[in-house]
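Pasted below: my_file.txt, compact mmCIF, C-alpha atoms.
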```
# COMPACT_ATOMS: atom_id res chain seq x y z
CA MET A 1 2.97 -0.56 30.92
CA THR A 2 5.46 -0.86 28.13
CA LEU A 3 8.05 -3.59 27.73
CA LYS A 4 11.11 -3.24 25.50
CA VAL A 5 10.50 -3.79 21.80
CA TYR A 6 13.07 -5.43 19.54
CA THR A 7 11.35 -5.42 16.18
CA SER A 8 12.53 -7.85 13.54
CA LEU A 9 14.42 -6.18 10.71
CA LEU A 10 12.83 -8.59 8.29
CA LEU A 11 9.32 -7.62 9.42
CA LEU A 12 10.10 -3.94 9.05
CA PHE A 13 11.31 -4.57 5.53
CA LEU A 14 8.15 -6.44 4.62
CA VAL A 15 5.81 -3.82 6.09
CA ASN A 16 7.44 -0.93 4.29
CA SER A 17 8.22 -2.62 1.01
CA VAL A 18 6.45 -3.93 -2.03
CA TRP A 19 8.35 -6.53 -3.98
CA THR A 20 8.89 -4.72 -7.26
CA ARG A 21 11.91 -3.49 -9.17
CA THR A 22 13.64 -0.62 -7.44
CA VAL A 23 14.63 2.57 -9.14
CA ARG A 24 18.27 1.62 -8.65
CA GLN A 25 17.78 -1.69 -10.46
CA VAL A 26 16.06 -0.05 -13.39
CA TYR A 27 18.75 2.64 -13.54
CA ASP A 28 21.51 0.02 -13.64
CA GLU A 29 19.98 -1.50 -16.76
CA LEU A 30 21.02 1.53 -18.79
CA ASP A 31 24.49 1.01 -20.14
CA PRO A 32 26.45 4.31 -19.88
CA GLU A 33 27.92 3.77 -23.33
CA HIS A 34 24.42 4.24 -24.80
CA TRP A 35 24.16 7.79 -23.43
CA SER A 36 26.34 9.08 -26.23
CA HIS A 37 23.60 8.21 -28.72
CA TYR A 38 21.47 11.02 -27.33
CA THR A 39 22.03 14.75 -27.40
CA PHE A 40 22.15 16.35 -23.97
CA GLU A 41 19.40 18.91 -24.56
CA CYS A 42 17.63 20.11 -21.46
CA PRO A 43 14.39 22.13 -21.27
CA ARG A 44 15.27 25.56 -19.92
CA GLU A 45 12.62 25.22 -17.19
CA CYS A 46 14.22 22.06 -15.82
CA PHE A 47 17.43 20.69 -14.34
CA CYS A 48 19.42 17.87 -15.97
CA PRO A 49 22.07 16.50 -13.60
CA PRO A 50 25.21 15.47 -15.54
CA SER A 51 25.74 12.56 -13.16
CA PHE A 52 22.24 11.22 -13.84
CA PRO A 53 21.74 11.92 -17.57
CA ASN A 54 18.52 9.97 -17.98
CA ALA A 55 16.67 12.00 -15.32
CA LEU A 56 14.83 15.29 -15.81
CA TYR A 57 13.90 17.42 -12.81
CA CYS A 58 11.11 19.91 -13.52
CA ASP A 59 9.57 19.90 -10.03
CA ASN A 60 8.68 23.06 -8.10
CA LYS A 61 9.03 25.31 -11.16
CA GLY A 62 5.52 26.77 -11.33
CA LEU A 63 4.95 25.03 -14.68
CA LYS A 64 1.50 25.14 -16.26
CA GLU A 65 2.31 22.65 -18.99
CA ILE A 66 4.74 19.81 -19.56
CA PRO A 67 7.85 20.81 -21.55
CA PRO A 68 9.18 18.66 -24.44
CA ILE A 69 10.85 15.58 -22.94
CA PRO A 70 14.22 14.57 -24.50
CA ALA A 71 14.55 11.04 -25.88
CA ARG A 72 17.20 9.95 -23.34
CA ILE A 73 14.93 10.50 -20.29
CA TRP A 74 13.83 7.56 -18.17
CA TYR A 75 12.90 9.41 -14.96
CA LEU A 76 10.67 12.48 -15.13
CA TYR A 77 9.92 14.63 -12.09
CA LEU A 78 7.08 17.12 -12.55
CA GLN A 79 5.61 17.25 -9.04
CA ASN A 80 4.57 20.45 -7.26
CA ASN A 81 3.60 22.52 -10.29
CA GLN A 82 0.40 23.98 -11.74
CA ILE A 83 0.03 21.51 -14.62
CA GLU A 84 -3.56 20.97 -15.77
CA THR A 85 -3.14 18.88 -18.91
CA VAL A 86 -1.21 15.82 -20.04
CA SER A 87 -1.02 15.82 -23.84
CA GLU A 88 0.82 13.62 -26.31
CA LYS A 89 3.03 16.33 -27.81
CA PRO A 90 5.66 16.61 -25.00
CA PHE A 91 6.17 12.83 -25.05
CA VAL A 92 6.70 12.33 -28.79
CA ASN A 93 10.40 11.55 -28.36
CA ALA A 94 10.21 10.14 -24.83
CA THR A 95 9.95 6.48 -25.72
CA HIS A 96 12.13 5.24 -22.84
CA LEU A 97 10.21 6.69 -19.90
CA ARG A 98 10.07 4.37 -16.87
CA TRP A 99 9.02 6.77 -14.13
CA ILE A 100 6.73 9.83 -14.12
CA ASN A 101 5.97 11.84 -11.00
CA LEU A 102 3.05 14.25 -11.53
CA ASN A 103 2.03 14.55 -7.88
CA LYS A 104 0.60 17.82 -6.59
CA ASN A 105 -0.60 19.42 -9.79
CA LYS A 106 -4.08 20.35 -11.06
CA ILE A 107 -4.69 17.51 -13.48
CA THR A 108 -8.29 16.48 -14.24
CA ASN A 109 -9.55 13.55 -16.27
CA SER A 110 -10.60 15.87 -19.07
CA GLY A 111 -7.07 17.30 -19.08
CA ILE A 112 -5.52 13.93 -19.96
CA GLU A 113 -5.47 13.43 -23.72
CA SER A 114 -7.06 10.17 -24.81
CA GLY A 115 -4.48 7.38 -25.13
CA VAL A 116 -1.50 9.48 -24.06
CA LEU A 117 -0.64 7.27 -21.06
CA SER A 118 -1.09 3.92 -22.78
CA LYS A 119 1.37 5.00 -25.48
CA LEU A 120 4.15 5.14 -22.89
CA LYS A 121 4.95 1.48 -23.47
CA ARG A 122 7.90 1.22 -21.10
CA LEU A 123 6.41 3.12 -18.17
CA LEU A 124 6.67 1.24 -14.86
CA TYR A 125 5.82 3.87 -12.23
CA LEU A 126 3.07 6.47 -12.51
CA PHE A 127 2.47 8.97 -9.71
CA LEU A 128 -0.65 11.14 -9.92
CA GLU A 129 -1.30 11.84 -6.26
CA ASP A 130 -2.82 15.13 -5.03
CA ASN A 131 -4.51 16.11 -8.28
CA GLU A 132 -8.16 16.61 -9.24
CA LEU A 133 -8.99 13.28 -10.83
CA GLU A 134 -12.56 12.03 -10.46
CA GLU A 135 -11.96 8.56 -11.90
CA VAL A 136 -9.03 6.26 -12.54
CA PRO A 137 -7.47 7.43 -15.83
CA ALA A 138 -7.74 5.03 -18.76
CA PRO A 139 -6.27 3.41 -20.71
CA LEU A 140 -3.05 2.82 -18.79
CA PRO A 141 0.36 1.44 -19.88
CA VAL A 142 0.20 -2.34 -19.78
CA GLY A 143 3.65 -2.64 -18.18
CA LEU A 144 2.89 -0.56 -15.07
CA GLU A 145 4.23 -1.90 -11.77
CA GLN A 146 3.08 0.90 -9.47
CA LEU A 147 0.08 3.21 -9.78
CA ARG A 148 -0.34 5.87 -7.10
CA LEU A 149 -3.58 7.88 -7.17
CA ALA A 150 -3.94 8.92 -3.53
CA ARG A 151 -5.64 12.16 -2.45
CA ASN A 152 -7.70 12.85 -5.54
CA LYS A 153 -11.49 13.00 -5.89
CA ILE A 154 -11.88 9.55 -7.43
CA SER A 155 -15.37 8.10 -7.11
CA ARG A 156 -15.43 5.96 -10.26
CA ILE A 157 -13.30 3.14 -11.61
CA PRO A 158 -13.96 2.52 -15.32
CA GLU A 159 -14.88 -1.04 -16.23
CA GLY A 160 -11.86 -3.09 -17.27
CA VAL A 161 -9.32 -0.34 -16.51
CA PHE A 162 -7.03 -2.84 -14.71
CA SER A 163 -7.74 -5.87 -16.88
CA ASN A 164 -4.41 -5.77 -18.75
CA LEU A 165 -2.17 -4.67 -15.88
CA GLU A 166 -0.72 -8.06 -15.05
CA ASN A 167 2.58 -6.55 -13.85
CA LEU A 168 1.02 -4.13 -11.35
CA THR A 169 2.26 -4.84 -7.82
CA MET A 170 1.06 -1.69 -6.02
CA LEU A 171 -2.24 0.15 -6.36
CA ASP A 172 -2.75 3.15 -4.08
CA LEU A 173 -6.24 4.69 -4.05
CA HIS A 174 -6.29 5.98 -0.51
CA GLN A 175 -8.02 9.22 0.49
CA ASN A 176 -10.44 9.43 -2.41
CA SER A 177 -14.26 9.32 -2.60
CA LEU A 178 -14.91 5.65 -3.32
CA LEU A 179 -18.23 4.14 -2.25
CA ASP A 180 -19.03 0.43 -2.11
CA SER A 181 -20.82 0.74 -5.46
CA ALA A 182 -17.55 1.73 -7.14
CA LEU A 183 -15.96 -1.63 -6.31
CA GLN A 184 -17.68 -4.33 -8.33
CA SER A 185 -16.84 -8.03 -8.38
CA ASP A 186 -14.69 -7.55 -11.50
CA THR A 187 -13.10 -4.19 -10.63
CA PHE A 188 -9.68 -5.69 -9.84
CA GLN A 189 -9.84 -8.41 -12.45
CA GLY A 190 -6.51 -8.86 -14.22
CA LEU A 191 -4.32 -7.73 -11.32
CA ASN A 192 -2.78 -11.17 -10.99
CA ASN A 193 0.47 -9.97 -9.40
CA LEU A 194 -0.87 -7.24 -7.12
CA MET A 195 0.85 -7.30 -3.73
CA GLN A 196 -0.29 -4.08 -2.07
CA LEU A 197 -3.78 -2.56 -2.27
CA ASN A 198 -4.48 0.64 -0.37
CA ILE A 199 -8.12 1.81 -0.21
CA ALA A 200 -7.83 3.59 3.15
CA LYS A 201 -9.65 6.88 3.81
CA ASN A 202 -12.56 6.35 1.44
CA SER A 203 -16.28 5.89 2.17
CA LEU A 204 -16.58 2.11 2.23
CA LYS A 205 -19.13 0.41 4.48
CA LYS A 206 -18.37 -3.13 3.32
CA MET A 207 -15.25 -5.15 2.69
CA PRO A 208 -14.37 -4.77 -1.02
CA LEU A 209 -15.29 -7.55 -3.41
CA SER A 210 -12.87 -9.86 -5.20
CA ILE A 211 -9.51 -8.68 -3.90
CA PRO A 212 -6.72 -10.16 -6.10
CA ALA A 213 -5.66 -13.54 -4.73
CA ASN A 214 -1.94 -12.69 -4.46
CA THR A 215 -2.46 -9.57 -2.31
CA LEU A 216 -0.05 -9.45 0.62
CA GLN A 217 -0.86 -6.04 2.08
CA LEU A 218 -4.44 -4.78 2.36
CA PHE A 219 -5.03 -1.34 3.85
CA LEU A 220 -8.63 -0.34 4.64
CA ASP A 221 -8.14 2.16 7.49
CA ASN A 222 -10.48 5.12 7.98
CA ASN A 223 -13.59 3.77 6.31
CA SER A 224 -16.93 2.84 7.88
CA ILE A 225 -16.71 -0.95 7.64
CA GLU A 226 -18.92 -2.77 10.14
CA VAL A 227 -18.81 -6.44 9.12
CA ILE A 228 -16.22 -9.00 8.02
CA PRO A 229 -18.01 -11.60 5.84
CA GLU A 230 -17.64 -15.27 6.74
CA ASN A 231 -14.53 -16.83 5.14
CA TYR A 232 -13.62 -13.50 3.54
CA PHE A 233 -9.87 -14.11 3.72
CA SER A 234 -10.00 -17.56 2.14
CA ALA A 235 -10.08 -15.78 -1.24
CA ILE A 236 -6.81 -13.95 -0.44
CA PRO A 237 -4.77 -16.76 1.13
CA LYS A 238 -1.48 -14.84 1.05
CA VAL A 239 -2.58 -11.70 2.91
CA THR A 240 0.09 -10.91 5.47
CA PHE A 241 -0.55 -7.33 6.61
CA LEU A 242 -4.12 -6.24 7.28
CA ARG A 243 -5.05 -2.74 8.45
CA LEU A 244 -8.62 -1.98 9.51
CA ASN A 245 -7.95 0.86 11.94
CA TYR A 246 -10.59 3.58 12.35
CA ASN A 247 -13.63 1.63 11.18
CA LYS A 248 -16.87 0.59 12.91
CA LEU A 249 -16.15 -3.03 13.67
CA SER A 250 -17.93 -4.52 16.68
CA ASP A 251 -17.86 -8.02 18.17
CA ASP A 252 -21.04 -8.95 16.29
CA GLY A 253 -19.47 -7.91 12.97
CA ILE A 254 -16.63 -10.42 13.18
CA PRO A 255 -17.27 -14.15 12.50
CA PRO A 256 -16.00 -16.57 15.19
CA ASN A 257 -12.79 -17.27 13.27
CA GLY A 258 -12.79 -14.21 11.06
CA PHE A 259 -9.17 -13.31 11.84
CA ASN A 260 -7.95 -16.82 12.62
CA VAL A 261 -5.96 -16.84 9.39
CA SER A 262 -2.52 -18.46 9.26
CA SER A 263 -1.09 -16.05 6.66
CA ILE A 264 -1.75 -12.87 8.66
CA LEU A 265 1.34 -11.68 10.56
CA ASP A 266 0.32 -8.09 11.30
CA LEU A 267 -3.31 -7.30 12.25
CA GLN A 268 -4.36 -3.73 13.03
CA LEU A 269 -7.84 -3.14 14.50
CA SER A 270 -7.21 0.07 16.43
CA HIS A 271 -10.00 2.62 16.94
CA ASN A 272 -12.98 0.33 16.44
CA GLN A 273 -15.82 -0.75 18.77
CA LEU A 274 -14.59 -4.12 20.01
CA THR A 275 -15.26 -5.19 23.60
CA LYS A 276 -13.20 -8.37 23.43
CA ILE A 277 -10.18 -9.72 21.61
CA PRO A 278 -11.22 -11.73 18.56
CA PRO A 279 -9.75 -15.24 18.05
CA ILE A 280 -6.35 -15.09 16.40
CA ASN A 281 -4.02 -17.55 14.74
CA ALA A 282 -0.84 -18.88 16.31
CA HIS A 283 1.19 -17.41 13.42
CA LEU A 284 0.16 -13.79 14.18
CA GLU A 285 3.13 -11.64 15.28
CA HIS A 286 1.75 -8.09 15.71
CA LEU A 287 -1.72 -7.27 17.07
CA HIS A 288 -3.01 -3.69 17.42
CA LEU A 289 -6.23 -3.34 19.44
CA ASP A 290 -5.74 0.05 21.05
CA HIS A 291 -8.64 2.48 21.46
CA ASN A 292 -11.48 0.00 21.47
CA ARG A 293 -13.87 -0.81 24.34
CA ILE A 294 -12.09 -3.81 25.79
CA LYS A 295 -12.42 -4.06 29.58
CA SER A 296 -10.47 -7.20 30.39
CA VAL A 297 -8.10 -9.74 28.87
CA ASN A 298 -8.30 -13.46 29.51
CA GLY A 299 -5.22 -15.24 28.27
CA THR A 300 -6.85 -18.65 28.45
CA GLN A 301 -9.64 -17.51 26.11
CA ILE A 302 -7.51 -15.71 23.51
CA CYS A 303 -4.60 -18.16 23.41
CA PRO A 304 -4.59 -19.91 20.00
CA VAL A 305 -3.48 -23.13 21.71
CA SER A 306 -4.23 -24.63 25.10
CA ILE A 307 -2.41 -22.81 27.90
CA SER A 308 -1.10 -26.12 29.20
CA VAL A 309 0.22 -26.98 25.73
CA ALA A 310 1.93 -23.59 25.41
CA GLU A 311 3.51 -24.00 28.84
CA ASP A 312 4.80 -27.49 28.02
CA TYR A 313 6.22 -26.52 24.62
CA GLY A 314 8.41 -23.75 26.02
CA PHE A 315 10.70 -22.15 23.46
CA TYR A 316 11.22 -25.37 21.56
CA GLY A 317 7.73 -26.12 20.35
CA ASN A 318 5.20 -24.60 18.00
CA ILE A 319 4.08 -21.93 20.44
CA PRO A 320 2.13 -18.80 19.41
CA ARG A 321 4.37 -16.28 17.67
CA LEU A 322 2.83 -13.04 18.96
CA ARG A 323 5.61 -10.54 19.67
CA TYR A 324 3.77 -7.22 19.95
CA LEU A 325 0.41 -6.55 21.60
CA ARG A 326 -1.09 -3.09 21.86
CA LEU A 327 -4.09 -2.58 24.14
CA ASP A 328 -3.83 1.02 25.34
CA GLY A 329 -6.85 3.31 25.04
CA ASN A 330 -9.18 0.60 26.34
CA GLU A 331 -10.48 0.08 29.88
CA ILE A 332 -7.89 -2.50 30.84
CA GLN A 333 -5.90 -2.02 34.03
CA PRO A 334 -2.43 -3.45 34.67
CA PRO A 335 -0.88 -5.82 35.57
CA ILE A 336 -0.77 -8.07 32.56
CA PRO A 337 -2.45 -11.41 33.35
CA LEU A 338 0.06 -14.21 33.89
CA ASP A 339 -1.72 -16.50 31.43
CA ILE A 340 -1.00 -13.97 28.65
CA MET A 341 2.72 -14.34 29.29
CA ILE A 342 2.45 -18.12 29.53
CA CYS A 343 0.64 -18.36 26.22
CA PHE A 344 2.61 -15.78 24.25
CA GLN A 345 6.12 -16.61 25.34
CA LEU A 346 7.70 -14.69 22.45
CA LEU A 347 6.11 -11.39 23.46
CA GLN A 348 8.61 -8.55 23.37
CA ALA A 349 6.22 -5.68 24.04
CA VAL A 350 2.79 -5.16 25.56
CA VAL A 351 1.28 -1.68 25.63
CA ILE A 352 -1.62 -1.44 28.07
```

Could I get this structure in the form of structure tokens?
Amino acid sequence: MTLKVYTSLLLLFLVNSVWTRTVRQVYDELDPEHWSHYTFECPRECFCPPSFPNALYCDNKGLKEIPPIPARIWYLYLQNNQIETVSEKPFVNATHLRWINLNKNKITNSGIESGVLSKLKRLLYLFLEDNELEEVPAPLPVGLEQLRLARNKISRIPEGVFSNLENLTMLDLHQNSLLDSALQSDTFQGLNNLMQLNIAKNSLKKMPLSIPANTLQLFLDNNSIEVIPENYFSAIPKVTFLRLNYNKLSDDGIPPNGFNVSSILDLQLSHNQLTKIPPINAHLEHLHLDHNRIKSVNGTQICPVSISVAEDYGFYGNIPRLRYLRLDGNEIQPPIPLDIMICFQLLQAVVI
């Protein structure tokens, strides 16, 4: 049974966004009158749009190496090529680069010249997804705000590789080959402003150690995690969105108040091995529990406050904030128990 969903625009913005400078904001910093200081040369393999003079489009050109990058370029698009190496020579004049997209090439760690990335002092966004990297490249530019390394073969993270990246807000390592042993207690040390960490689709069996304290979004889907350590989330008191879909979590692997965390607004535990709904906090707004082994739902037991209290408060008190509850793919039969509706009076959708 599905009720109508009216999802908050603010929540959608938070789920799909990381609070970092947008490309538009960075672009606006370049005063058009400065463009005249640069010649408008353009590598013959690439496209240089006159209306966007500090961008260079070399994507989908079948390139095997990076062409010389003109000094005026801030945004460099090299995705979908056959590039195997990243050397210093093409970047000699490119001292203003903010954004490099090297997704979908054939870059290996041995193909990246030592120090070439760290010399790009103004680089903010580095995209190296869908390549053949076996470890996080190092050293990296100290000013990076986003580092995207998804869908490589990364199994190693060099010691101290993130230690100077205080401006990094997004780190995407999903769909690699990371084991628990690759994530040491100091692996993420230095990432003081990290907001989104994506380690989904790896080979983790345990919750990662020492997640940066300011992390808002933690994505750990498609691993083999079985246990949530006691008080795990006390070390990341700002975590708001937590995804643990497609793991091996059972009732015994979750402490009594493991997910009773006031900061969590969106909790996703789909495709696990749960037979009951774990205790939740009254601040939780979205709860995904589909495709588990849950047979029944007792609103009195799962309500974060007393049912009688929730009923008395009505819409004017501090009632539980749950708005979306997904329970399909379990063994639960409709109708929805009345005590669920009494407790969660702000519910806009229940999928059962």

| What would the list of residues within 6 Å of (-6.2, 3.0, 20.9) (file frame) look like as JSON, numbers by chain, if all atoms listed in the file are what count? | {"A": [270, 271, 290, 291, 328, 329]}

| task | Extract, using only C-alpha atoms, all DNA, RNA and protein residues at most 8 Å from Asn298 in chain A, discarding same-chain residues fewer than 2 positions from it, and format them as a list in words. | result |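 Non-adjacent residues within range: Ser296, Thr300, Gln301, Ile302, Pro337, Asp339 and Ile340 of chain A.
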
Selection from above, C-alpha atoms, as a tab-separated table (two decimals), in the frame of the given file, can you write it?
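Below is the file that was written, selection_38.tsv:
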```
chain	number	residue	atom	x	y	z
A	296	SER	CA	-10.47	-7.20	30.39
A	300	THR	CA	-6.85	-18.65	28.45
A	301	GLN	CA	-9.64	-17.51	26.11
A	302	ILE	CA	-7.51	-15.71	23.51
A	337	PRO	CA	-2.45	-11.41	33.35
A	339	ASP	CA	-1.72	-16.50	31.43
A	340	ILE	CA	-1.00	-13.97	28.65
```

| task | To one decimal in Å, tell me the separation between CA of Ser306 in chain A and CA of Ile236 in chain A. | result |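 These atoms are spaced 27.8 Å apart.
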
| d(CA of Asn103 in chain A, CA of Met195 in chain A) in Å |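 So the two atoms, CA of Asn103 in chain A and CA of Met195 in chain A, lie 22.3 Å apart.
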
| Selection: 6 Å around Leu178 in chain A, all atoms listed in the file, excl. self and same-chain fewer than 6 positions, as a PyMOL selection string | chain A and resi 155+202-203

Would you write out those residues with C-alpha atoms, as a CSV table (one decimal), in the coordinates of the input?
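Output contents, as saved in part-v3.csv:
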```csv
chain,number,residue,atom,x,y,z
A,155,SER,CA,-15.4,8.1,-7.1
A,202,ASN,CA,-12.6,6.4,1.4
A,203,SER,CA,-16.3,5.9,2.2
```

| When distances are computed from all atoms listed in the file, which of A:Trp74, A:Tyr246, A:Phe219, A:Phe40 shows the smallest separation from Asn101 in chain A? |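 Checking each candidate against Asn101 in chain A, we get A:Trp74 as the closest.
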
| So which residues touch Ile83 in chain A within 10 Å, counting all atoms listed in the file, skipping near sequence neighbours fewer than 2 positions away, as a list in words? |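 Near Ile83 in chain A, the qualifying residues are Gly62, Leu63, Lys64, Glu65, Ile66, Leu78, Gln79, Asn80, Asn81, Thr85, Val86, Leu102, Asn103, Lys104, Asn105, Lys106, Ile107, Thr108, Gly111 and Asn131 of chain A.
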
| request: Please identify all polymer residues within 8 Å of range 208-212 of chain A, counting only C-alpha atoms, omitting same-chain residues fewer than 4 positions from it, and present them as a ChimeraX atom specification. | output: /A:180,183-189,191-194,204,235-236

| Rounded to one decimal in Å, what is the spacing between CA of Arg243 in chain A and CA of Leu197 in chain A? |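 Value for the CA of Arg243 in chain A-CA of Leu197 in chain A distance: 10.8 Å.
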
| request: Compile the contact shell of Leu173 in chain A as a ChimeraX atom specification: residues with an atom at most 9 Å away, counting all atoms listed in the file, same-chain residues fewer than 4 positions apart removed. | output: /A:129,147-152,154,178,197-202

| query | Looking at A:Gln196, A:Gly143, A:Gly160, A:His174, which one is nearest to Asp130 in chain A, with distances taken over only C-alpha atoms? | reply |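 Using only C-alpha atoms, Asp130 in chain A sits closest to A:His174.
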
| request: In the coordinate frame of the file, compute which residues have an atom within 8 Å of (-8.2, 1.4, -15.7) when using only C-alpha atoms, and state them as a list in words. | output: Val136, Pro137, Ala138, Pro139, Leu140, Ile157, Pro158, Glu159, Gly160, Val161, Phe162 and Ser163 of chain A

Would you export the selected residues with C-alpha atoms as a PDB file, in the frame of the given file, please?
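Everything below was put into result-v9.pdb:
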```
ATOM      1  CA  VAL A 136      -9.030   6.260 -12.540  1.00  0.00           C
ATOM      2  CA  PRO A 137      -7.470   7.430 -15.830  1.00  0.00           C
ATOM      3  CA  ALA A 138      -7.740   5.030 -18.760  1.00  0.00           C
ATOM      4  CA  PRO A 139      -6.270   3.410 -20.710  1.00  0.00           C
ATOM      5  CA  LEU A 140      -3.050   2.820 -18.790  1.00  0.00           C
ATOM      6  CA  ILE A 157     -13.300   3.140 -11.610  1.00  0.00           C
ATOM      7  CA  PRO A 158     -13.960   2.520 -15.320  1.00  0.00           C
ATOM      8  CA  GLU A 159     -14.880  -1.040 -16.230  1.00  0.00           C
ATOM      9  CA  GLY A 160     -11.860  -3.090 -17.270  1.00  0.00           C
ATOM     10  CA  VAL A 161      -9.320  -0.340 -16.510  1.00  0.00           C
ATOM     11  CA  PHE A 162      -7.030  -2.840 -14.710  1.00  0.00           C
ATOM     12  CA  SER A 163      -7.740  -5.870 -16.880  1.00  0.00           C
TER      13      SER A 163
END
```

| note | Across A:Met170, A:Leu274, A:Cys48, A:Leu144, the smallest distance to Leu120 in chain A, with all atoms listed in the file counted, is shown by A:Leu144
